[in-house]
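> Input file: data_9.pdb. Contents: PDB, N, CA and C atoms.
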```
ATOM      1  N   MET A  28      -9.002 -40.444 -28.086
ATOM      2  CA  MET A  28      -8.254 -39.308 -28.561
ATOM      3  C   MET A  28      -8.871 -38.834 -29.865
ATOM      4  N   ILE A  29      -8.913 -37.534 -30.015
ATOM      5  CA  ILE A  29      -9.380 -36.900 -31.236
ATOM      6  C   ILE A  29      -8.196 -36.137 -31.813
ATOM      7  N   ALA A  30      -7.991 -36.218 -33.099
ATOM      8  CA  ALA A  30      -6.956 -35.421 -33.765
ATOM      9  C   ALA A  30      -7.654 -34.439 -34.691
ATOM     10  N   ILE A  31      -7.309 -33.174 -34.574
ATOM     11  CA  ILE A  31      -7.903 -32.113 -35.383
ATOM     12  C   ILE A  31      -6.769 -31.394 -36.081
ATOM     13  N   GLU A  32      -6.839 -31.307 -37.395
ATOM     14  CA  GLU A  32      -5.731 -30.717 -38.130
ATOM     15  C   GLU A  32      -6.169 -29.443 -38.830
ATOM     16  N   LYS A  33      -5.381 -28.409 -38.678
ATOM     17  CA  LYS A  33      -5.594 -27.137 -39.366
ATOM     18  C   LYS A  33      -4.267 -26.782 -40.012
ATOM     19  N   ARG A  34      -4.183 -26.939 -41.304
ATOM     20  CA  ARG A  34      -2.938 -26.696 -42.028
ATOM     21  C   ARG A  34      -2.847 -25.256 -42.496
ATOM     22  N   GLY A  35      -1.643 -24.791 -42.561
ATOM     23  CA  GLY A  35      -1.357 -23.471 -43.106
ATOM     24  C   GLY A  35      -0.810 -23.642 -44.511
ATOM     25  N   PRO A  36       0.033 -22.708 -44.948
ATOM     26  CA  PRO A  36       0.677 -22.824 -46.247
ATOM     27  C   PRO A  36       1.463 -24.136 -46.342
ATOM     28  N   ALA A  37       1.686 -24.594 -47.558
ATOM     29  CA  ALA A  37       2.346 -25.883 -47.782
ATOM     30  C   ALA A  37       3.679 -26.000 -47.053
ATOM     31  N   SER A  38       4.387 -24.902 -46.885
ATOM     32  CA  SER A  38       5.698 -24.956 -46.246
ATOM     33  C   SER A  38       5.601 -24.919 -44.725
ATOM     34  N   ASP A  39       4.412 -24.684 -44.181
ATOM     35  CA  ASP A  39       4.259 -24.543 -42.735
ATOM     36  C   ASP A  39       3.443 -25.716 -42.193
ATOM     37  N   THR A  40       4.105 -26.623 -41.480
ATOM     38  CA  THR A  40       3.396 -27.781 -40.958
ATOM     39  C   THR A  40       2.654 -27.458 -39.677
ATOM     40  N   GLY A  41       2.945 -26.342 -39.053
ATOM     41  CA  GLY A  41       2.238 -25.940 -37.849
ATOM     42  C   GLY A  41       2.812 -26.564 -36.604
ATOM     43  N   ILE A  42       2.132 -26.316 -35.500
ATOM     44  CA  ILE A  42       2.589 -26.818 -34.210
ATOM     45  C   ILE A  42       1.704 -27.973 -33.752
ATOM     46  N   ASN A  43       2.286 -28.858 -32.982
ATOM     47  CA  ASN A  43       1.544 -29.964 -32.386
ATOM     48  C   ASN A  43       1.073 -29.534 -31.005
ATOM     49  N   ILE A  44      -0.234 -29.574 -30.805
ATOM     50  CA  ILE A  44      -0.842 -29.152 -29.548
ATOM     51  C   ILE A  44      -1.533 -30.352 -28.912
ATOM     52  N   LEU A  45      -1.262 -30.575 -27.636
ATOM     53  CA  LEU A  45      -2.038 -31.543 -26.875
ATOM     54  C   LEU A  45      -3.001 -30.763 -25.999
ATOM     55  N   LEU A  46      -4.291 -30.907 -26.259
ATOM     56  CA  LEU A  46      -5.328 -30.279 -25.455
ATOM     57  C   LEU A  46      -5.892 -31.337 -24.520
ATOM     58  N   VAL A  47      -5.778 -31.099 -23.224
ATOM     59  CA  VAL A  47      -6.294 -32.023 -22.215
ATOM     60  C   VAL A  47      -7.523 -31.359 -21.618
ATOM     61  N   GLU A  48      -8.690 -31.784 -22.098
ATOM     62  CA  GLU A  48      -9.946 -31.112 -21.754
ATOM     63  C   GLU A  48     -11.090 -32.110 -21.834
ATOM     64  N   ASP A  49     -11.924 -32.161 -20.813
ATOM     65  CA  ASP A  49     -13.037 -33.097 -20.795
ATOM     66  C   ASP A  49     -14.370 -32.472 -21.193
ATOM     67  N   ASN A  50     -14.401 -31.174 -21.424
ATOM     68  CA  ASN A  50     -15.644 -30.493 -21.795
ATOM     69  C   ASN A  50     -15.658 -30.251 -23.305
ATOM     70  N   PRO A  51     -16.565 -30.913 -24.054
ATOM     71  CA  PRO A  51     -16.611 -30.744 -25.510
ATOM     72  C   PRO A  51     -16.797 -29.294 -25.959
ATOM     73  N   ALA A  52     -17.534 -28.493 -25.199
ATOM     74  CA  ALA A  52     -17.728 -27.084 -25.562
ATOM     75  C   ALA A  52     -16.404 -26.324 -25.487
ATOM     76  N   ASP A  53     -15.585 -26.621 -24.498
ATOM     77  CA  ASP A  53     -14.284 -25.965 -24.382
ATOM     78  C   ASP A  53     -13.332 -26.421 -25.484
ATOM     79  N   VAL A  54     -13.458 -27.674 -25.906
ATOM     80  CA  VAL A  54     -12.656 -28.160 -27.035
ATOM     81  C   VAL A  54     -13.030 -27.377 -28.296
ATOM     82  N   ARG A  55     -14.344 -27.242 -28.540
ATOM     83  CA  ARG A  55     -14.797 -26.479 -29.722
ATOM     84  C   ARG A  55     -14.315 -25.035 -29.665
ATOM     85  N   MET A  56     -14.357 -24.434 -28.479
ATOM     86  CA  MET A  56     -13.893 -23.050 -28.330
ATOM     87  C   MET A  56     -12.408 -22.932 -28.685
ATOM     88  N   MET A  57     -11.595 -23.879 -28.250
ATOM     89  CA  MET A  57     -10.165 -23.835 -28.555
ATOM     90  C   MET A  57      -9.919 -24.007 -30.054
ATOM     91  N   VAL A  58     -10.638 -24.927 -30.669
ATOM     92  CA  VAL A  58     -10.499 -25.139 -32.114
ATOM     93  C   VAL A  58     -10.866 -23.863 -32.864
ATOM     94  N   GLU A  59     -11.978 -23.243 -32.486
ATOM     95  CA  GLU A  59     -12.405 -22.006 -33.141
ATOM     96  C   GLU A  59     -11.405 -20.876 -32.932
ATOM     97  N   ALA A  60     -10.885 -20.742 -31.724
ATOM     98  CA  ALA A  60      -9.913 -19.682 -31.428
ATOM     99  C   ALA A  60      -8.665 -19.836 -32.301
ATOM    100  N   LEU A  61      -8.192 -21.050 -32.459
ATOM    101  CA  LEU A  61      -7.016 -21.283 -33.305
ATOM    102  C   LEU A  61      -7.333 -21.051 -34.777
ATOM    103  N   ASN A  62      -8.559 -21.397 -35.189
ATOM    104  CA  ASN A  62      -8.964 -21.136 -36.574
ATOM    105  C   ASN A  62      -9.034 -19.637 -36.851
ATOM    106  N   VAL A  63      -9.641 -18.894 -35.940
ATOM    107  CA  VAL A  63      -9.746 -17.438 -36.105
ATOM    108  C   VAL A  63      -8.353 -16.806 -36.143
ATOM    109  N   ALA A  64      -7.461 -17.303 -35.303
ATOM    110  CA  ALA A  64      -6.100 -16.771 -35.259
ATOM    111  C   ALA A  64      -5.248 -17.267 -36.431
ATOM    112  N   GLU A  65      -5.802 -18.202 -37.213
ATOM    113  CA  GLU A  65      -5.114 -18.776 -38.370
ATOM    114  C   GLU A  65      -3.755 -19.354 -37.993
ATOM    115  N   ILE A  66      -3.734 -20.077 -36.889
ATOM    116  CA  ILE A  66      -2.510 -20.731 -36.435
ATOM    117  C   ILE A  66      -2.505 -22.160 -36.978
ATOM    118  N   PRO A  67      -1.599 -22.480 -37.899
ATOM    119  CA  PRO A  67      -1.532 -23.854 -38.414
ATOM    120  C   PRO A  67      -1.159 -24.802 -37.277
ATOM    121  N   ASN A  68      -1.916 -25.884 -37.149
ATOM    122  CA  ASN A  68      -1.649 -26.786 -36.037
ATOM    123  C   ASN A  68      -2.213 -28.165 -36.293
ATOM    124  N   ARG A  69      -1.716 -29.102 -35.504
ATOM    125  CA  ARG A  69      -2.320 -30.420 -35.353
ATOM    126  C   ARG A  69      -2.641 -30.523 -33.876
ATOM    127  N   MET A  70      -3.926 -30.568 -33.569
ATOM    128  CA  MET A  70      -4.348 -30.634 -32.175
ATOM    129  C   MET A  70      -4.804 -32.052 -31.862
ATOM    130  N   PHE A  71      -4.287 -32.561 -30.768
ATOM    131  CA  PHE A  71      -4.687 -33.858 -30.259
ATOM    132  C   PHE A  71      -5.438 -33.603 -28.966
ATOM    133  N   VAL A  72      -6.603 -34.204 -28.826
ATOM    134  CA  VAL A  72      -7.457 -33.954 -27.673
ATOM    135  C   VAL A  72      -7.626 -35.248 -26.882
ATOM    136  N   VAL A  73      -7.316 -35.173 -25.598
ATOM    137  CA  VAL A  73      -7.601 -36.270 -24.678
ATOM    138  C   VAL A  73      -8.458 -35.703 -23.561
ATOM    139  N   SER A  74      -9.242 -36.589 -22.907
ATOM    140  CA  SER A  74     -10.262 -36.067 -22.004
ATOM    141  C   SER A  74     -10.035 -36.347 -20.525
ATOM    142  N   ASP A  75      -8.902 -36.960 -20.172
ATOM    143  CA  ASP A  75      -8.626 -37.144 -18.748
ATOM    144  C   ASP A  75      -7.117 -37.177 -18.508
ATOM    145  N   GLY A  76      -6.745 -37.066 -17.243
ATOM    146  CA  GLY A  76      -5.336 -36.971 -16.888
ATOM    147  C   GLY A  76      -4.529 -38.217 -17.180
ATOM    148  N   GLU A  77      -5.118 -39.381 -16.978
ATOM    149  CA  GLU A  77      -4.391 -40.619 -17.264
ATOM    150  C   GLU A  77      -4.115 -40.763 -18.748
ATOM    151  N   GLU A  78      -5.096 -40.406 -19.559
ATOM    152  CA  GLU A  78      -4.922 -40.453 -21.010
ATOM    153  C   GLU A  78      -3.847 -39.449 -21.448
ATOM    154  N   ALA A  79      -3.812 -38.289 -20.808
ATOM    155  CA  ALA A  79      -2.802 -37.280 -21.131
ATOM    156  C   ALA A  79      -1.402 -37.820 -20.883
ATOM    157  N   LEU A  80      -1.204 -38.465 -19.737
ATOM    158  CA  LEU A  80       0.128 -38.999 -19.427
ATOM    159  C   LEU A  80       0.501 -40.145 -20.358
ATOM    160  N   ALA A  81      -0.464 -40.982 -20.724
ATOM    161  CA  ALA A  81      -0.194 -42.054 -21.685
ATOM    162  C   ALA A  81       0.211 -41.466 -23.037
ATOM    163  N   PHE A  82      -0.471 -40.394 -23.460
ATOM    164  CA  PHE A  82      -0.126 -39.718 -24.712
ATOM    165  C   PHE A  82       1.300 -39.185 -24.634
ATOM    166  N   LEU A  83       1.607 -38.468 -23.565
ATOM    167  CA  LEU A  83       2.919 -37.841 -23.434
ATOM    168  C   LEU A  83       4.047 -38.862 -23.340
ATOM    169  N   ARG A  84       3.752 -39.999 -22.767
ATOM    170  CA  ARG A  84       4.763 -41.061 -22.640
ATOM    171  C   ARG A  84       4.742 -42.016 -23.829
ATOM    172  N   ARG A  85       3.813 -41.762 -24.758
ATOM    173  CA  ARG A  85       3.644 -42.563 -25.972
ATOM    174  C   ARG A  85       3.422 -44.033 -25.648
ATOM    175  N   GLU A  86       2.513 -44.266 -24.726
ATOM    176  CA  GLU A  86       2.194 -45.621 -24.287
ATOM    177  C   GLU A  86       0.968 -46.158 -25.016
ATOM    178  N   ASN A  87       0.959 -47.476 -25.202
ATOM    179  CA  ASN A  87      -0.191 -48.210 -25.740
ATOM    180  C   ASN A  87      -0.675 -47.612 -27.053
ATOM    181  N   ALA A  88      -1.916 -47.180 -27.131
ATOM    182  CA  ALA A  88      -2.500 -46.665 -28.375
ATOM    183  C   ALA A  88      -1.814 -45.392 -28.863
ATOM    184  N   PHE A  89      -1.019 -44.769 -28.009
ATOM    185  CA  PHE A  89      -0.369 -43.506 -28.362
ATOM    186  C   PHE A  89       1.083 -43.686 -28.809
ATOM    187  N   SER A  90       1.488 -44.888 -29.134
ATOM    188  CA  SER A  90       2.899 -45.153 -29.444
ATOM    189  C   SER A  90       3.424 -44.363 -30.637
ATOM    190  N   GLY A  91       2.587 -43.997 -31.574
ATOM    191  CA  GLY A  91       3.058 -43.296 -32.760
ATOM    192  C   GLY A  91       2.791 -41.804 -32.792
ATOM    193  N   VAL A  92       2.329 -41.241 -31.688
ATOM    194  CA  VAL A  92       1.961 -39.823 -31.696
ATOM    195  C   VAL A  92       3.208 -38.942 -31.614
ATOM    196  N   PRO A  93       3.125 -37.727 -32.170
ATOM    197  CA  PRO A  93       4.269 -36.821 -32.067
ATOM    198  C   PRO A  93       4.352 -36.186 -30.683
ATOM    199  N   ARG A  94       5.527 -35.731 -30.332
ATOM    200  CA  ARG A  94       5.702 -34.985 -29.087
ATOM    201  C   ARG A  94       5.032 -33.620 -29.287
ATOM    202  N   PRO A  95       4.200 -33.202 -28.354
ATOM    203  CA  PRO A  95       3.557 -31.890 -28.537
ATOM    204  C   PRO A  95       4.551 -30.748 -28.363
ATOM    205  N   ASP A  96       4.306 -29.674 -29.094
ATOM    206  CA  ASP A  96       5.102 -28.449 -28.931
ATOM    207  C   ASP A  96       4.592 -27.649 -27.743
ATOM    208  N   VAL A  97       3.322 -27.861 -27.399
ATOM    209  CA  VAL A  97       2.704 -27.187 -26.262
ATOM    210  C   VAL A  97       1.560 -28.054 -25.739
ATOM    211  N   ILE A  98       1.354 -28.000 -24.425
ATOM    212  CA  ILE A  98       0.246 -28.698 -23.789
ATOM    213  C   ILE A  98      -0.709 -27.632 -23.248
ATOM    214  N   VAL A  99      -1.988 -27.756 -23.574
ATOM    215  CA  VAL A  99      -3.023 -26.892 -23.016
ATOM    216  C   VAL A  99      -3.805 -27.778 -22.055
ATOM    217  N   LEU A 100      -3.749 -27.444 -20.768
ATOM    218  CA  LEU A 100      -4.187 -28.343 -19.711
ATOM    219  C   LEU A 100      -5.291 -27.735 -18.852
ATOM    220  N   ASP A 101      -6.409 -28.429 -18.778
ATOM    221  CA  ASP A 101      -7.471 -28.081 -17.838
ATOM    222  C   ASP A 101      -7.076 -28.646 -16.479
ATOM    223  N   LEU A 102      -7.394 -27.962 -15.405
ATOM    224  CA  LEU A 102      -7.048 -28.459 -14.072
ATOM    225  C   LEU A 102      -8.047 -29.464 -13.533
ATOM    226  N   LYS A 103      -9.320 -29.292 -13.876
ATOM    227  CA  LYS A 103     -10.362 -30.170 -13.337
ATOM    228  C   LYS A 103     -10.649 -31.272 -14.346
ATOM    229  N   LEU A 104     -10.002 -32.416 -14.124
ATOM    230  CA  LEU A 104     -10.105 -33.549 -15.043
ATOM    231  C   LEU A 104     -10.512 -34.806 -14.289
ATOM    232  N   PRO A 105     -11.155 -35.752 -14.984
ATOM    233  CA  PRO A 105     -11.426 -37.045 -14.360
ATOM    234  C   PRO A 105     -10.156 -37.910 -14.305
ATOM    235  N   ARG A 106     -10.178 -38.898 -13.423
ATOM    236  CA  ARG A 106      -9.169 -39.940 -13.264
ATOM    237  C   ARG A 106      -7.835 -39.455 -12.717
ATOM    238  N   LYS A 107      -7.315 -38.352 -13.170
ATOM    239  CA  LYS A 107      -6.078 -37.760 -12.657
ATOM    240  C   LYS A 107      -6.195 -36.268 -12.916
ATOM    241  N   SER A 108      -6.035 -35.472 -11.884
ATOM    242  CA  SER A 108      -6.267 -34.030 -12.019
ATOM    243  C   SER A 108      -5.193 -33.346 -12.858
ATOM    244  N   GLY A 109      -5.505 -32.149 -13.309
ATOM    245  CA  GLY A 109      -4.535 -31.345 -14.025
ATOM    246  C   GLY A 109      -3.313 -31.036 -13.180
ATOM    247  N   HIS A 110      -3.518 -30.866 -11.876
ATOM    248  CA  HIS A 110      -2.377 -30.640 -10.971
ATOM    249  C   HIS A 110      -1.431 -31.840 -10.995
ATOM    250  N   GLU A 111      -1.997 -33.037 -10.987
ATOM    251  CA  GLU A 111      -1.178 -34.254 -11.016
ATOM    252  C   GLU A 111      -0.457 -34.397 -12.356
ATOM    253  N   VAL A 112      -1.149 -34.084 -13.439
ATOM    254  CA  VAL A 112      -0.526 -34.145 -14.763
ATOM    255  C   VAL A 112       0.622 -33.141 -14.838
ATOM    256  N   LEU A 113       0.389 -31.925 -14.396
ATOM    257  CA  LEU A 113       1.431 -30.896 -14.426
ATOM    258  C   LEU A 113       2.641 -31.322 -13.603
ATOM    259  N   ALA A 114       2.419 -31.867 -12.425
ATOM    260  CA  ALA A 114       3.524 -32.329 -11.580
ATOM    261  C   ALA A 114       4.314 -33.444 -12.270
ATOM    262  N   ALA A 115       3.607 -34.362 -12.917
ATOM    263  CA  ALA A 115       4.278 -35.458 -13.621
ATOM    264  C   ALA A 115       5.098 -34.944 -14.801
ATOM    265  N   VAL A 116       4.539 -33.999 -15.545
ATOM    266  CA  VAL A 116       5.245 -33.431 -16.703
ATOM    267  C   VAL A 116       6.501 -32.696 -16.242
ATOM    268  N   LYS A 117       6.367 -31.847 -15.254
ATOM    269  CA  LYS A 117       7.508 -31.043 -14.806
ATOM    270  C   LYS A 117       8.543 -31.870 -14.052
ATOM    271  N   GLY A 118       8.140 -33.048 -13.561
ATOM    272  CA  GLY A 118       9.070 -33.930 -12.873
ATOM    273  C   GLY A 118       9.737 -34.951 -13.776
ATOM    274  N   ASP A 119       9.416 -34.933 -15.061
ATOM    275  CA  ASP A 119       9.954 -35.891 -16.022
ATOM    276  C   ASP A 119      11.018 -35.208 -16.879
ATOM    277  N   ALA A 120      12.223 -35.724 -16.855
ATOM    278  CA  ALA A 120      13.336 -35.106 -17.588
ATOM    279  C   ALA A 120      13.075 -34.988 -19.090
ATOM    280  N   ASP A 121      12.304 -35.916 -19.652
ATOM    281  CA  ASP A 121      12.016 -35.875 -21.092
ATOM    282  C   ASP A 121      10.886 -34.904 -21.446
ATOM    283  N   LEU A 122      10.033 -34.593 -20.495
ATOM    284  CA  LEU A 122       8.856 -33.766 -20.781
ATOM    285  C   LEU A 122       8.924 -32.361 -20.200
ATOM    286  N   CYS A 123       9.803 -32.128 -19.254
ATOM    287  CA  CYS A 123       9.778 -30.876 -18.494
ATOM    288  C   CYS A 123      10.026 -29.632 -19.337
ATOM    289  N   THR A 124      10.552 -29.781 -20.541
ATOM    290  CA  THR A 124      10.795 -28.611 -21.392
ATOM    291  C   THR A 124       9.593 -28.253 -22.272
ATOM    292  N   VAL A 125       8.561 -29.110 -22.278
ATOM    293  CA  VAL A 125       7.359 -28.814 -23.068
ATOM    294  C   VAL A 125       6.563 -27.735 -22.335
ATOM    295  N   PRO A 126       6.295 -26.610 -22.999
ATOM    296  CA  PRO A 126       5.499 -25.558 -22.346
ATOM    297  C   PRO A 126       4.081 -26.044 -22.046
ATOM    298  N   VAL A 127       3.574 -25.632 -20.885
ATOM    299  CA  VAL A 127       2.222 -26.002 -20.472
ATOM    300  C   VAL A 127       1.431 -24.721 -20.215
ATOM    301  N   VAL A 128       0.287 -24.612 -20.866
ATOM    302  CA  VAL A 128      -0.646 -23.517 -20.629
ATOM    303  C   VAL A 128      -1.795 -24.108 -19.828
ATOM    304  N   VAL A 129      -2.027 -23.569 -18.637
ATOM    305  CA  VAL A 129      -3.080 -24.078 -17.768
ATOM    306  C   VAL A 129      -4.317 -23.204 -17.927
ATOM    307  N   LEU A 130      -5.439 -23.861 -18.181
ATOM    308  CA  LEU A 130      -6.726 -23.188 -18.295
ATOM    309  C   LEU A 130      -7.645 -23.696 -17.202
ATOM    310  N   THR A 131      -8.318 -22.789 -16.542
ATOM    311  CA  THR A 131      -9.283 -23.209 -15.531
ATOM    312  C   THR A 131     -10.326 -22.126 -15.332
ATOM    313  N   SER A 132     -11.513 -22.563 -14.991
ATOM    314  CA  SER A 132     -12.562 -21.617 -14.633
ATOM    315  C   SER A 132     -12.660 -21.484 -13.119
ATOM    316  N   SER A 133     -11.789 -22.184 -12.424
ATOM    317  CA  SER A 133     -11.795 -22.177 -10.968
ATOM    318  C   SER A 133     -11.453 -20.792 -10.415
ATOM    319  N   ARG A 134     -12.108 -20.454  -9.335
ATOM    320  CA  ARG A 134     -11.814 -19.209  -8.635
ATOM    321  C   ARG A 134     -10.945 -19.475  -7.392
ATOM    322  N   ALA A 135     -10.589 -20.724  -7.177
ATOM    323  CA  ALA A 135      -9.782 -21.095  -6.018
ATOM    324  C   ALA A 135      -8.380 -20.496  -6.142
ATOM    325  N   GLU A 136      -7.914 -19.891  -5.096
ATOM    326  CA  GLU A 136      -6.600 -19.233  -5.109
ATOM    327  C   GLU A 136      -5.484 -20.211  -5.471
ATOM    328  N   LYS A 137      -5.559 -21.448  -4.973
ATOM    329  CA  LYS A 137      -4.506 -22.426  -5.275
ATOM    330  C   LYS A 137      -4.463 -22.764  -6.762
ATOM    331  N   ASP A 138      -5.591 -22.693  -7.452
ATOM    332  CA  ASP A 138      -5.623 -22.951  -8.878
ATOM    333  C   ASP A 138      -5.066 -21.796  -9.674
ATOM    334  N   MET A 139      -5.352 -20.586  -9.224
ATOM    335  CA  MET A 139      -4.860 -19.409  -9.929
ATOM    336  C   MET A 139      -3.392 -19.210  -9.667
TER     337      MET A 139
END
```
Spell out the structure here as structure tokens.


Amino acid sequence: MIAIEKRGPASDTGINILLVEDNPADVRMMVEALNVAEIPNRMFVVSDGEEALAFLRRENAFSGVPRPDVIVLDLKLPRKSGHEVLAAVKGDADLCTVPVVVLTSSRAEKDM
């Protein structure tokens, strides 16, 4: 897991973002986009679906992490797909209220 922090004014702690993305270039693009938009945030980056679910459930190494205010989810992930992560999140009473933004470069109709 990588934690990237972009603080705003002292009174604004920003939002907690969980970015689930296995492509380092896409991670850099998201960090830059948030910097350009000047959105104060703490971004946590995990690179596969199993790690994402462990983060969200605060298991093992993730026991002290904050609950994300939003999840940015790639669909094509190793170990557990974005579709599986989304289904698990929306099927969990504790997580189903967390907004999920799905990002994909897929042209497949089922992904869109």

> Apply the PyMOL selection byres (((chain A and resi 71-87 and name CA) around 6) and name CA) to the displayed file and report the matching residues as a short mmCIF file (atom, residue, chain, number, x, y, z; two decimals) with N, CA and C atoms, in the coordinates of the input.


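Generated file (out13.cif):
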```cif
data_model
loop_
_atom_site.label_atom_id
_atom_site.label_comp_id
_atom_site.auth_asym_id
_atom_site.auth_seq_id
_atom_site.Cartn_x
_atom_site.Cartn_y
_atom_site.Cartn_z
N MET A 28 -9.00 -40.44 -28.09
CA MET A 28 -8.25 -39.31 -28.56
C MET A 28 -8.87 -38.83 -29.86
N ILE A 29 -8.91 -37.53 -30.02
CA ILE A 29 -9.38 -36.90 -31.24
C ILE A 29 -8.20 -36.14 -31.81
N ALA A 30 -7.99 -36.22 -33.10
CA ALA A 30 -6.96 -35.42 -33.76
C ALA A 30 -7.65 -34.44 -34.69
N LEU A 45 -1.26 -30.58 -27.64
CA LEU A 45 -2.04 -31.54 -26.88
C LEU A 45 -3.00 -30.76 -26.00
N LEU A 46 -4.29 -30.91 -26.26
CA LEU A 46 -5.33 -30.28 -25.46
C LEU A 46 -5.89 -31.34 -24.52
N VAL A 47 -5.78 -31.10 -23.22
CA VAL A 47 -6.29 -32.02 -22.22
C VAL A 47 -7.52 -31.36 -21.62
N GLU A 48 -8.69 -31.78 -22.10
CA GLU A 48 -9.95 -31.11 -21.75
C GLU A 48 -11.09 -32.11 -21.83
N ASP A 49 -11.92 -32.16 -20.81
CA ASP A 49 -13.04 -33.10 -20.80
C ASP A 49 -14.37 -32.47 -21.19
N MET A 70 -3.93 -30.57 -33.57
CA MET A 70 -4.35 -30.63 -32.17
C MET A 70 -4.80 -32.05 -31.86
N ALA A 88 -1.92 -47.18 -27.13
CA ALA A 88 -2.50 -46.66 -28.38
C ALA A 88 -1.81 -45.39 -28.86
N PHE A 89 -1.02 -44.77 -28.01
CA PHE A 89 -0.37 -43.51 -28.36
C PHE A 89 1.08 -43.69 -28.81
N SER A 90 1.49 -44.89 -29.13
CA SER A 90 2.90 -45.15 -29.44
C SER A 90 3.42 -44.36 -30.64
N LEU A 104 -10.00 -32.42 -14.12
CA LEU A 104 -10.10 -33.55 -15.04
C LEU A 104 -10.51 -34.81 -14.29
N PRO A 105 -11.16 -35.75 -14.98
CA PRO A 105 -11.43 -37.04 -14.36
C PRO A 105 -10.16 -37.91 -14.30
N LYS A 107 -7.32 -38.35 -13.17
CA LYS A 107 -6.08 -37.76 -12.66
C LYS A 107 -6.20 -36.27 -12.92
N SER A 108 -6.04 -35.47 -11.88
CA SER A 108 -6.27 -34.03 -12.02
C SER A 108 -5.19 -33.35 -12.86
N VAL A 112 -1.15 -34.08 -13.44
CA VAL A 112 -0.53 -34.15 -14.76
C VAL A 112 0.62 -33.14 -14.84
#
```

> For a test of reading the model, state the distance in Å between atom N of Arg94 in chain A and CA of Arg69 in chain A, rounded to one decimal.

10.7 Å

> Can you pull out every residue from chain A that DSSP, working from the backbone, puts in alpha helix (DSSP H), and format the result as an NGL selection string?

:A and (51-63 or 76-83 or 109-117)

> Take the residues from that selection and write them out as a tab-separated table (two decimals), in the frame of the given file, keeping N, CA and C atoms.


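Okay, selection.tsv is ready:
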```tsv
chain	number	residue	atom	x	y	z
A	51	PRO	N	-16.57	-30.91	-24.05
A	51	PRO	CA	-16.61	-30.74	-25.51
A	51	PRO	C	-16.80	-29.29	-25.96
A	52	ALA	N	-17.53	-28.49	-25.20
A	52	ALA	CA	-17.73	-27.08	-25.56
A	52	ALA	C	-16.40	-26.32	-25.49
A	53	ASP	N	-15.58	-26.62	-24.50
A	53	ASP	CA	-14.28	-25.96	-24.38
A	53	ASP	C	-13.33	-26.42	-25.48
A	54	VAL	N	-13.46	-27.67	-25.91
A	54	VAL	CA	-12.66	-28.16	-27.04
A	54	VAL	C	-13.03	-27.38	-28.30
A	55	ARG	N	-14.34	-27.24	-28.54
A	55	ARG	CA	-14.80	-26.48	-29.72
A	55	ARG	C	-14.32	-25.04	-29.66
A	56	MET	N	-14.36	-24.43	-28.48
A	56	MET	CA	-13.89	-23.05	-28.33
A	56	MET	C	-12.41	-22.93	-28.68
A	57	MET	N	-11.60	-23.88	-28.25
A	57	MET	CA	-10.16	-23.84	-28.56
A	57	MET	C	-9.92	-24.01	-30.05
A	58	VAL	N	-10.64	-24.93	-30.67
A	58	VAL	CA	-10.50	-25.14	-32.11
A	58	VAL	C	-10.87	-23.86	-32.86
A	59	GLU	N	-11.98	-23.24	-32.49
A	59	GLU	CA	-12.40	-22.01	-33.14
A	59	GLU	C	-11.40	-20.88	-32.93
A	60	ALA	N	-10.88	-20.74	-31.72
A	60	ALA	CA	-9.91	-19.68	-31.43
A	60	ALA	C	-8.66	-19.84	-32.30
A	61	LEU	N	-8.19	-21.05	-32.46
A	61	LEU	CA	-7.02	-21.28	-33.30
A	61	LEU	C	-7.33	-21.05	-34.78
A	62	ASN	N	-8.56	-21.40	-35.19
A	62	ASN	CA	-8.96	-21.14	-36.57
A	62	ASN	C	-9.03	-19.64	-36.85
A	63	VAL	N	-9.64	-18.89	-35.94
A	63	VAL	CA	-9.75	-17.44	-36.10
A	63	VAL	C	-8.35	-16.81	-36.14
A	76	GLY	N	-6.74	-37.07	-17.24
A	76	GLY	CA	-5.34	-36.97	-16.89
A	76	GLY	C	-4.53	-38.22	-17.18
A	77	GLU	N	-5.12	-39.38	-16.98
A	77	GLU	CA	-4.39	-40.62	-17.26
A	77	GLU	C	-4.12	-40.76	-18.75
A	78	GLU	N	-5.10	-40.41	-19.56
A	78	GLU	CA	-4.92	-40.45	-21.01
A	78	GLU	C	-3.85	-39.45	-21.45
A	79	ALA	N	-3.81	-38.29	-20.81
A	79	ALA	CA	-2.80	-37.28	-21.13
A	79	ALA	C	-1.40	-37.82	-20.88
A	80	LEU	N	-1.20	-38.47	-19.74
A	80	LEU	CA	0.13	-39.00	-19.43
A	80	LEU	C	0.50	-40.15	-20.36
A	81	ALA	N	-0.46	-40.98	-20.72
A	81	ALA	CA	-0.19	-42.05	-21.68
A	81	ALA	C	0.21	-41.47	-23.04
A	82	PHE	N	-0.47	-40.39	-23.46
A	82	PHE	CA	-0.13	-39.72	-24.71
A	82	PHE	C	1.30	-39.18	-24.63
A	83	LEU	N	1.61	-38.47	-23.56
A	83	LEU	CA	2.92	-37.84	-23.43
A	83	LEU	C	4.05	-38.86	-23.34
A	109	GLY	N	-5.50	-32.15	-13.31
A	109	GLY	CA	-4.54	-31.34	-14.02
A	109	GLY	C	-3.31	-31.04	-13.18
A	110	HIS	N	-3.52	-30.87	-11.88
A	110	HIS	CA	-2.38	-30.64	-10.97
A	110	HIS	C	-1.43	-31.84	-11.00
A	111	GLU	N	-2.00	-33.04	-10.99
A	111	GLU	CA	-1.18	-34.25	-11.02
A	111	GLU	C	-0.46	-34.40	-12.36
A	112	VAL	N	-1.15	-34.08	-13.44
A	112	VAL	CA	-0.53	-34.15	-14.76
A	112	VAL	C	0.62	-33.14	-14.84
A	113	LEU	N	0.39	-31.92	-14.40
A	113	LEU	CA	1.43	-30.90	-14.43
A	113	LEU	C	2.64	-31.32	-13.60
A	114	ALA	N	2.42	-31.87	-12.42
A	114	ALA	CA	3.52	-32.33	-11.58
A	114	ALA	C	4.31	-33.44	-12.27
A	115	ALA	N	3.61	-34.36	-12.92
A	115	ALA	CA	4.28	-35.46	-13.62
A	115	ALA	C	5.10	-34.94	-14.80
A	116	VAL	N	4.54	-34.00	-15.54
A	116	VAL	CA	5.24	-33.43	-16.70
A	116	VAL	C	6.50	-32.70	-16.24
A	117	LYS	N	6.37	-31.85	-15.25
A	117	LYS	CA	7.51	-31.04	-14.81
A	117	LYS	C	8.54	-31.87	-14.05
```
